[in-house]
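Here the structure is laid out as structure tokens; the discussion comes afterwards.
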Amino acid sequence: MANLICSTKPPMAAFTASDLLRSRSLRKPLPRLSPLSSSSDKLGSSLSSLKPLYLAPLGSFGLGSRDGPASAANLRGLSSKARAYEADRLESIPVPDNEARAAAAQKVKIGIYFATWWALNVVFNIYNKKVLNAFPYPWLTSTLSLAVGSLIMLLSWGARVAEVPKTDLDFWKALAPVAVAHTIGHVAATVSMSKVAVSFTHIIKSGEPAFSVLVSRFLLGERFPVPVYLSLLPIIGGCALAAVTELNFNMTGFMGAMISNLAFVFRNIFSKKGMKGKSVSGMNYYACLSMLSLLILMPFAIAVEGPQMWAAGWNKAVSQIGPHFVWWMAAQSVFYHLYNQVSYMSLDEISPLTFSIGNTMKRISVIVASIIIFHTPVQPINALGAAIAIFGTFLYSQAKQ
């Protein structure tokens, strides 16, 4: 038996010193020599070769395996197994699915909308007040704001930057009452800011939810839960406190803000009723609204103020302010359109509740920025009234949820 097993392997004497050197120089592994032992030892050695071979880490292969020098093929095989193990371990790490990534991207998009909306609104209010201080003609200022916005959208449609909306006669009929209410609200707010501080106008305009509930309840017959009615108390009380303690109170400015609130409430009501089922994006919807409002406002602006008053006021403003006045007028018109356009675009992405909360935060940013920039004197009791009114607006948005 021993002779039979040994005959299958080359005798140890066949390998001379020169063969050993030649084998190492060619980097070829030598055949493994079986020791001449008993048949039981050989049988055990043969069975042990069938067991898995446990190798040390890659860094310990300088001396080879327990049976002899490690070949390059063995090293490559072990490296492949290590890489495969690492790949399997990496694949087991959980990766966010597409829905989670889409939700995160949506939140970022809404955040960008809100930040842009607030920033554009603050800039518009600053330039609008500068223009009205030097050029106290709110009807022409309101008309130019709508005209510039309409021109921007016409150029965007002509250059194919924005998709041209597909409208019909029914669309414009449904849009007509919305445009009337929008025109009244826009002019009334501009008249208010020409008479009082920007901060005071926005404090009064924070009372818009009260008008919304009252109109919906008594004219439309809608009913609201008790928390909604209770949230109106701080809104009304805060606006009243701010109005009574306003240092530069003006009745025309106060009534302008109140009329603007009422008009925008009707605008929202008409918009909800008339625009159901209309497939027009928020950007194009506001563009069509601006164009129709411009057609409505222009004859009234000419009748109330007129070209002679505008020319005299323009020359006076340019002589006092200089070329900067032209930039102020262009900036307030452009930023008015942009901030309204972004607000309507955000309505396509968020719920009305989120939009209402964003509108409340927008008023806070406008009030604070205008007080800082125009150095508006504010008494502590006046600031308290503003804070109460804005907090009531926040409670209203939560109660309607």
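Note on naming: chains are A, B, ... as they come in the structure tokens, residues start from 1 per chain, ligands start from 1 in the order shown.
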Which residues, written as a list in words, have at least one atom at most 10 Å from Tyr286 (chain A), with only C-alpha atoms counted and residues fewer than 6 positions away on the same chain left out?
Gly149, Ser150, Met153, Ala179, Val280, Leu292, His337, Asn340, Gln341, Val342, Ser343, Tyr344 and Met345 of chain A
Got time to write the residues from that selection, N, CA, C and O atoms, as a CSV table (one decimal), in the first residue's frame?
chain,number,residue,atom,x,y,z
A,149,GLY,N,-45.8,93.7,-14.8
A,149,GLY,CA,-46.0,92.2,-14.7
A,149,GLY,C,-46.6,91.6,-15.9
A,149,GLY,O,-46.2,90.5,-16.3
A,150,SER,N,-47.6,92.3,-16.5
A,150,SER,CA,-48.2,91.8,-17.7
A,150,SER,C,-47.2,91.7,-18.9
A,150,SER,O,-47.2,90.8,-19.7
A,153,MET,N,-44.8,88.7,-18.5
A,153,MET,CA,-45.4,87.4,-18.9
A,153,MET,C,-45.6,87.3,-20.4
A,153,MET,O,-45.4,86.2,-21.0
A,179,ALA,N,-60.7,89.3,-10.7
A,179,ALA,CA,-59.9,90.4,-11.1
A,179,ALA,C,-60.4,91.7,-10.5
A,179,ALA,O,-59.6,92.6,-10.2
A,280,VAL,N,-54.9,75.5,-15.2
A,280,VAL,CA,-54.0,76.5,-15.4
A,280,VAL,C,-53.0,76.6,-14.3
A,280,VAL,O,-53.4,76.6,-13.1
A,292,LEU,N,-56.0,91.2,-16.8
A,292,LEU,CA,-57.4,91.6,-16.7
A,292,LEU,C,-57.6,92.7,-15.7
A,292,LEU,O,-58.4,93.6,-15.9
A,337,HIS,N,-44.7,92.0,-9.1
A,337,HIS,CA,-45.1,90.9,-9.9
A,337,HIS,C,-44.4,89.6,-9.5
A,337,HIS,O,-45.1,88.6,-9.4
A,340,ASN,N,-45.8,88.1,-6.1
A,340,ASN,CA,-47.1,87.5,-6.3
A,340,ASN,C,-47.1,86.3,-7.1
A,340,ASN,O,-47.8,85.3,-6.8
A,341,GLN,N,-46.2,86.3,-8.1
A,341,GLN,CA,-46.1,85.1,-8.9
A,341,GLN,C,-45.5,83.9,-8.1
A,341,GLN,O,-46.1,82.8,-8.3
A,342,VAL,N,-44.5,84.1,-7.3
A,342,VAL,CA,-44.0,83.0,-6.5
A,342,VAL,C,-45.0,82.5,-5.5
A,342,VAL,O,-45.1,81.3,-5.2
A,343,SER,N,-45.8,83.4,-4.9
A,343,SER,CA,-46.9,83.0,-4.0
A,343,SER,C,-47.9,82.1,-4.6
A,343,SER,O,-48.4,81.1,-4.1
A,344,TYR,N,-48.3,82.5,-5.9
A,344,TYR,CA,-49.3,81.6,-6.6
A,344,TYR,C,-48.6,80.3,-7.0
A,344,TYR,O,-49.3,79.3,-7.0
A,345,MET,N,-47.4,80.3,-7.3
A,345,MET,CA,-46.7,79.1,-7.7
A,345,MET,C,-46.6,78.2,-6.5
A,345,MET,O,-46.7,76.9,-6.6
Taking only residues of region 98-188 of chain A that have an atom at most 7 Å from an atom of region 257-273 of chain A, what is each one's shortest atom pair and its distance in Å to one decimal, using only C-alpha atoms, in chain and number order, as a Markdown table?
| residue | atom | partner | partner_atom | distance |
| --- | --- | --- | --- | --- |
| A:Pro177 | CA | A:Phe270 | CA | 6.5 |
| A:Val178 | CA | A:Arg267 | CA | 4.9 |
| A:Ala181 | CA | A:Arg267 | CA | 5.0 |
| A:His182 | CA | A:Arg267 | CA | 6.0 |
| A:Ile184 | CA | A:Ala263 | CA | 6.2 |
| A:Gly185 | CA | A:Ser260 | CA | 4.0 |
| A:His186 | CA | A:Ser260 | CA | 6.8 |
| A:Ala188 | CA | A:Ser260 | CA | 5.2 |
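For Thr141 (chain A), the list of residues within 9 Å, based on only C-alpha atoms and with local chain neighbours fewer than 5 positions off taken out, reads Asn128, Val131, Leu132, Phe135, Pro136, Leu146, Val187, Thr190, Met329, Gln332 and Ser333 of chain A.
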